[in-house]
Amino acid sequence: MSEKVREKVRELLKSGEIKGFLGLSNKYGNVGPHLFCEGDDLNNLVIGDWKRSGDTRYSLNKQLIHIARRYPEDSFGVLVRGCDDRGLKALYTWNQLNPDRVVPVGVACPEDLAEACECLKPYPEEFVEGEKAKGFAFDSVSRVDAMNLDGRFDYWFKEFSRCIKCYGCRDVCPMCFCHECTLEEDDLIRTGDIPPENPVFHLTRAVHMVGRCIDCGLCNEVCPADIPLRTLYKKVAEIIDDEFHYRTGQDAYVKSPLNVLRGAAE
């Protein structure tokens with residue numbers, strides 16, 4: 001299922017349109033991010049692991065930010081799914097990536113992966129491989145909303161109490177790109193406390209996800225304590241949609257209504 005992607009990347013590299021392509025490489029049965037350049041063996045380029053197409057996910061956009069900062073005059077291609085496509089559009093509005101220097105190569109996720117991720121739109125705007133699968137609603141927010149105020153309070157305090165402050169949610173998030181992180185400021189988050197002061201750590205991060213979360217679900221996947229972080233950020237996104245009619249990643253030219261930290265992040 002990767003041959004169409006390989007052919008597209010081969011054309012882009014050969015023509016010189018891109019300096020390199022950030023995708024996934026399968027070496028010795030292990031799949032991980034790799035920057036393919038002209039002359040590399042594209043037979044190692046895959047869009048998932050060796051068992052299924054698409055079920056190996058990495059925050060490639062986040063890695064692309066670091067590459068683009070180091071080589072600002074060069075153009076790079078990147079493998080994108082539906083969530084990655086939303087991420088690129090959001091990163092453009094935050095001036096973290098230059099759309100003129102990014103060439104997305106899209107793949108549509110299979111239906112079983114879309115169901116596993118509970119993704120409403122499991123395909124990018126344009127893709128060279130796969131077919132449009134139906135979306136699946138992520139309904140955990142409604143289950144929490146059905147609780148009374150005390151119930152929600154107790155629910156989140158119990159979930160947050162399992163946190164080991166590994167920073168996995170922040171480190172994997174494609175929309176966490178600040179040079180200095182509030183979660184490492186001792187005046188706000190005391191260092192050395194495990195679990196961190198409840199609920200300051202997670203509520204601080206939730207505030208910073210306002211107008212940023214692309215609902216990729218990577219935070220849920222990496223959390224060793226199984227804290228339902230996606231539910232928290234999804235609720236924040238719903239509030240922004242209700243109040244400002246804004247959904248992150250829908251338009252590459254519409255900035256977040258709460259984009260007040262741009263100067264600090266650029």
# chains A, B, ... in the order shown; residues from 1 in each chain; ligands from 1
call {"tool": "residues_around", "arguments": {"residues": "A:Cys119", "least_positions_apart": "6", "cutoff": "12 Å", "atoms": "only C-alpha atoms", "output": "number ranges by chain"}}
result
A: 81-83, 108-113, 133-139, 214-217, 230
call {"tool": "residues_around", "arguments": {"residues": "A:Val9", "least_positions_apart": "6", "cutoff": "8 Å", "atoms": "only C-alpha atoms", "output": "ChimeraX atom specification"}}
result
/A:21,77,105
call {"tool": "write_last_selection", "arguments": {"atoms": "N, CA and C atoms", "output": "compact mmCIF listing (two decimals), in the first residue's frame"}}
result
# COMPACT_ATOMS: atom_id res chain seq x y z
N PHE A 21 12.44 14.12 2.41
CA PHE A 21 11.06 13.73 2.72
C PHE A 21 11.03 13.06 4.08
N GLY A 77 9.26 17.55 2.09
CA GLY A 77 8.00 16.84 2.03
C GLY A 77 7.76 16.13 3.35
N VAL A 105 2.46 14.94 1.52
CA VAL A 105 2.08 13.76 0.73
C VAL A 105 1.09 12.99 1.60
call {"tool": "select_by_dssp", "arguments": {"residues": "stretch 63-242 of chain A", "states": "alpha helix (DSSP H)", "output": "PyMOL selection string"}}
result
chain A and resi 63-70+82-93+111-117+140-145+149-160+168-172+200-208+218-222+229-242
call {"tool": "select_by_dssp", "arguments": {"residues": "stretch 1-212 of chain A", "states": "strand (DSSP E or B)", "output": "MDAnalysis selection string"}}
result
chainID A and resid 20:27 30:36 45:46 76:80 102:107 129
call {"tool": "write_last_selection", "arguments": {"atoms": "N, CA and C atoms", "output": "PDB file, in the first residue's frame"}}
result
ATOM      1  N   GLY A  20      14.323  16.926   1.110  1.00  0.00           N
ATOM      2  CA  GLY A  20      14.181  15.636   1.767  1.00  0.00           C
ATOM      3  C   GLY A  20      12.727  15.361   2.071  1.00  0.00           C
ATOM      4  N   PHE A  21      12.435  14.120   2.407  1.00  0.00           N
ATOM      5  CA  PHE A  21      11.059  13.728   2.719  1.00  0.00           C
ATOM      6  C   PHE A  21      11.032  13.059   4.081  1.00  0.00           C
ATOM      7  N   LEU A  22      10.230  13.611   4.981  1.00  0.00           N
ATOM      8  CA  LEU A  22      10.101  13.076   6.329  1.00  0.00           C
ATOM      9  C   LEU A  22       8.942  12.082   6.366  1.00  0.00           C
ATOM     10  N   GLY A  23       9.298  10.823   6.526  1.00  0.00           N
ATOM     11  CA  GLY A  23       8.281   9.782   6.547  1.00  0.00           C
ATOM     12  C   GLY A  23       8.645   8.688   7.526  1.00  0.00           C
ATOM     13  N   LEU A  24       8.164   7.492   7.260  1.00  0.00           N
ATOM     14  CA  LEU A  24       8.433   6.342   8.117  1.00  0.00           C
ATOM     15  C   LEU A  24       9.271   5.321   7.366  1.00  0.00           C
ATOM     16  N   SER A  25      10.249   4.765   8.043  1.00  0.00           N
ATOM     17  CA  SER A  25      11.138   3.774   7.448  1.00  0.00           C
ATOM     18  C   SER A  25      11.032   2.461   8.210  1.00  0.00           C
ATOM     19  N   ASN A  26      10.965   1.375   7.465  1.00  0.00           N
ATOM     20  CA  ASN A  26      10.924   0.044   8.064  1.00  0.00           C
ATOM     21  C   ASN A  26      12.278  -0.624   7.864  1.00  0.00           C
ATOM     22  N   LYS A  27      13.025  -0.750   8.938  1.00  0.00           N
ATOM     23  CA  LYS A  27      14.322  -1.415   8.887  1.00  0.00           C
ATOM     24  C   LYS A  27      14.345  -2.542   9.908  1.00  0.00           C
ATOM     25  N   ASN A  30      11.429  -2.855  12.267  1.00  0.00           N
ATOM     26  CA  ASN A  30      11.139  -1.737  13.165  1.00  0.00           C
ATOM     27  C   ASN A  30      10.814  -0.491  12.347  1.00  0.00           C
ATOM     28  N   VAL A  31       9.711   0.148  12.685  1.00  0.00           N
ATOM     29  CA  VAL A  31       9.260   1.328  11.948  1.00  0.00           C
ATOM     30  C   VAL A  31       9.516   2.577  12.774  1.00  0.00           C
ATOM     31  N   GLY A  32      10.087   3.599  12.136  1.00  0.00           N
ATOM     32  CA  GLY A  32      10.348   4.858  12.824  1.00  0.00           C
ATOM     33  C   GLY A  32      10.533   5.987  11.840  1.00  0.00           C
ATOM     34  N   PRO A  33      10.554   7.219  12.312  1.00  0.00           N
ATOM     35  CA  PRO A  33      10.725   8.385  11.435  1.00  0.00           C
ATOM     36  C   PRO A  33      12.078   8.359  10.732  1.00  0.00           C
ATOM     37  N   HIS A  34      12.079   8.863   9.501  1.00  0.00           N
ATOM     38  CA  HIS A  34      13.327   8.919   8.730  1.00  0.00           C
ATOM     39  C   HIS A  34      13.221  10.041   7.707  1.00  0.00           C
ATOM     40  N   LEU A  35      14.309  10.777   7.533  1.00  0.00           N
ATOM     41  CA  LEU A  35      14.366  11.825   6.515  1.00  0.00           C
ATOM     42  C   LEU A  35      15.026  11.235   5.272  1.00  0.00           C
ATOM     43  N   PHE A  36      14.219  10.975   4.255  1.00  0.00           N
ATOM     44  CA  PHE A  36      14.714  10.406   3.004  1.00  0.00           C
ATOM     45  C   PHE A  36      15.255  11.515   2.109  1.00  0.00           C
ATOM     46  N   LEU A  45      10.569   2.989   2.676  1.00  0.00           N
ATOM     47  CA  LEU A  45       9.522   3.949   3.015  1.00  0.00           C
ATOM     48  C   LEU A  45       8.188   3.228   3.148  1.00  0.00           C
ATOM     49  N   VAL A  46       7.554   3.365   4.300  1.00  0.00           N
ATOM     50  CA  VAL A  46       6.265   2.718   4.554  1.00  0.00           C
ATOM     51  C   VAL A  46       5.308   3.737   5.165  1.00  0.00           C
ATOM     52  N   PHE A  76      10.743  20.780   2.221  1.00  0.00           N
ATOM     53  CA  PHE A  76      10.712  19.380   2.631  1.00  0.00           C
ATOM     54  C   PHE A  76       9.310  18.812   2.442  1.00  0.00           C
ATOM     55  N   GLY A  77       9.263  17.548   2.087  1.00  0.00           N
ATOM     56  CA  GLY A  77       8.003  16.836   2.033  1.00  0.00           C
ATOM     57  C   GLY A  77       7.759  16.128   3.351  1.00  0.00           C
ATOM     58  N   VAL A  78       6.512  15.812   3.623  1.00  0.00           N
ATOM     59  CA  VAL A  78       6.187  15.124   4.875  1.00  0.00           C
ATOM     60  C   VAL A  78       4.958  14.243   4.657  1.00  0.00           C
ATOM     61  N   LEU A  79       4.981  13.079   5.254  1.00  0.00           N
ATOM     62  CA  LEU A  79       3.850  12.164   5.200  1.00  0.00           C
ATOM     63  C   LEU A  79       2.756  12.666   6.137  1.00  0.00           C
ATOM     64  N   VAL A  80       1.535  12.789   5.633  1.00  0.00           N
ATOM     65  CA  VAL A  80       0.450  13.321   6.470  1.00  0.00           C
ATOM     66  C   VAL A  80      -0.799  12.454   6.383  1.00  0.00           C
ATOM     67  N   VAL A 102       6.747  23.544   2.499  1.00  0.00           N
ATOM     68  CA  VAL A 102       6.260  22.231   2.923  1.00  0.00           C
ATOM     69  C   VAL A 102       5.438  21.604   1.800  1.00  0.00           C
ATOM     70  N   VAL A 103       5.757  20.354   1.470  1.00  0.00           N
ATOM     71  CA  VAL A 103       5.010  19.615   0.452  1.00  0.00           C
ATOM     72  C   VAL A 103       4.400  18.372   1.115  1.00  0.00           C
ATOM     73  N   PRO A 104       3.123  18.424   1.469  1.00  0.00           N
ATOM     74  CA  PRO A 104       2.497  17.265   2.116  1.00  0.00           C
ATOM     75  C   PRO A 104       2.235  16.150   1.099  1.00  0.00           C
ATOM     76  N   VAL A 105       2.457  14.939   1.516  1.00  0.00           N
ATOM     77  CA  VAL A 105       2.078  13.760   0.734  1.00  0.00           C
ATOM     78  C   VAL A 105       1.086  12.990   1.597  1.00  0.00           C
ATOM     79  N   GLY A 106      -0.174  13.031   1.203  1.00  0.00           N
ATOM     80  CA  GLY A 106      -1.232  12.529   2.061  1.00  0.00           C
ATOM     81  C   GLY A 106      -1.573  11.068   1.864  1.00  0.00           C
ATOM     82  N   VAL A 107      -1.965  10.433   2.955  1.00  0.00           N
ATOM     83  CA  VAL A 107      -2.484   9.066   2.927  1.00  0.00           C
ATOM     84  C   VAL A 107      -3.771   9.035   3.743  1.00  0.00           C
ATOM     85  N   GLU A 129      -2.718   7.978  -1.607  1.00  0.00           N
ATOM     86  CA  GLU A 129      -2.889   6.559  -1.294  1.00  0.00           C
ATOM     87  C   GLU A 129      -4.040   6.370  -0.327  1.00  0.00           C
TER      88      GLU A 129
END
call {"tool": "residues_around", "arguments": {"residues": "A:Arg69", "least_positions_apart": "4", "cutoff": "12 Å", "atoms": "only C-alpha atoms", "output": "mmCIF file with C-alpha atoms, in the first residue's frame"}}
result
data_model
loop_
_atom_site.group_PDB
_atom_site.id
_atom_site.type_symbol
_atom_site.label_atom_id
_atom_site.label_comp_id
_atom_site.auth_asym_id
_atom_site.auth_seq_id
_atom_site.Cartn_x
_atom_site.Cartn_y
_atom_site.Cartn_z
ATOM 1 C CA LYS A 62 6.846 18.253 15.289
ATOM 2 C CA GLN A 63 10.066 16.852 13.876
ATOM 3 C CA LEU A 64 9.535 18.868 10.714
ATOM 4 C CA ILE A 65 9.511 22.073 12.787
ATOM 5 C CA GLU A 73 15.575 28.060 2.911
ATOM 6 C CA ASP A 74 14.940 24.443 1.902
ATOM 7 C CA SER A 75 11.648 22.718 1.140
ATOM 8 C CA PHE A 76 10.712 19.380 2.631
ATOM 9 C CA ASN A 95 4.192 30.793 11.948
ATOM 10 C CA GLN A 96 5.977 27.596 12.919
ATOM 11 C CA LEU A 97 6.121 26.323 9.344
ATOM 12 C CA ASN A 98 6.141 28.106 6.009
ATOM 13 C CA ARG A 101 8.430 25.255 2.095
ATOM 14 C CA PHE A 177 6.408 24.129 20.063
ATOM 15 C CA HIS A 179 11.031 27.461 23.134
ATOM 16 C CA GLU A 266 7.635 32.539 17.200
#
call {"tool": "closest_residue", "arguments": {"among": "A:Leu258, A:Cys176, A:Leu12, A:Pro224", "to": "A:Ile164", "atoms": "only C-alpha atoms"}}
result
A:Pro224
call {"tool": "residues_around", "arguments": {"residues": "A:Lys234", "least_positions_apart": "6", "cutoff": "12 Å", "atoms": "only C-alpha atoms", "output": "list in words"}}
result
Ala137, Phe138, Asp139, Ser140, Val141, Ser142, Val144, Asp145, Ala206, Val207, Met209, Val210, Gly211, Arg212, Cys213, Ile214, Asp215, Cys216, Gly217, Cys219, Asn220, Pro228, Ile240, Asp241, Arg247 and Thr248 of chain A
call {"tool": "closest_residue", "arguments": {"among": "A:Cys173, A:Ile18, A:Leu42, A:Ile194", "to": "A:Leu229", "atoms": "only C-alpha atoms"}}
result
A:Cys173
call {"tool": "residues_around", "arguments": {"residues": "A:Val172", "least_positions_apart": "2", "cutoff": "9 Å", "atoms": "only C-alpha atoms", "output": "CSV table (one decimal) with C-alpha atoms, in the first residue's frame"}}
result
chain,number,residue,atom,x,y,z
A,58,TYR,CA,4.6,9.5,15.1
A,59,SER,CA,4.5,13.3,15.4
A,62,LYS,CA,6.8,18.3,15.3
A,167,TYR,CA,6.0,15.1,30.0
A,168,GLY,CA,5.1,12.5,27.4
A,169,CYS,CA,1.9,14.4,26.5
A,170,ARG,CA,3.8,17.6,25.9
A,174,PRO,CA,2.7,18.4,17.5
A,175,MET,CA,1.2,21.7,18.7
A,176,CYS,CA,3.6,22.1,21.7
A,218,LEU,CA,-1.3,11.0,20.5
A,219,CYS,CA,-1.4,12.3,24.1
A,222,VAL,CA,1.7,7.8,25.0
call {"tool": "atom_distance", "arguments": {"atom1": "atom CA of A:Gly130", "atom2": "atom CA of A:Asp84"}}
result
15.4 Å
call {"tool": "atom_distance", "arguments": {"atom1": "atom CA of A:His202", "atom2": "atom CA of A:Phe160"}}
result
7.3 Å
call {"tool": "closest_residue", "arguments": {"among": "A:Glu180, A:Gly249, A:Tyr71, A:Cys223", "to": "A:Glu125", "atoms": "only C-alpha atoms"}}
result
A:Gly249
call {"tool": "closest_residue", "arguments": {"among": "A:Cys178, A:Ala225, A:Ile189, A:Ala252", "to": "A:His208", "atoms": "only C-alpha atoms"}}
result
A:Cys178
call {"tool": "closest_residue", "arguments": {"among": "A:Arg6, A:Arg162, A:His245, A:Arg190", "to": "A:Asp40", "atoms": "only C-alpha atoms"}}
result
A:Arg6
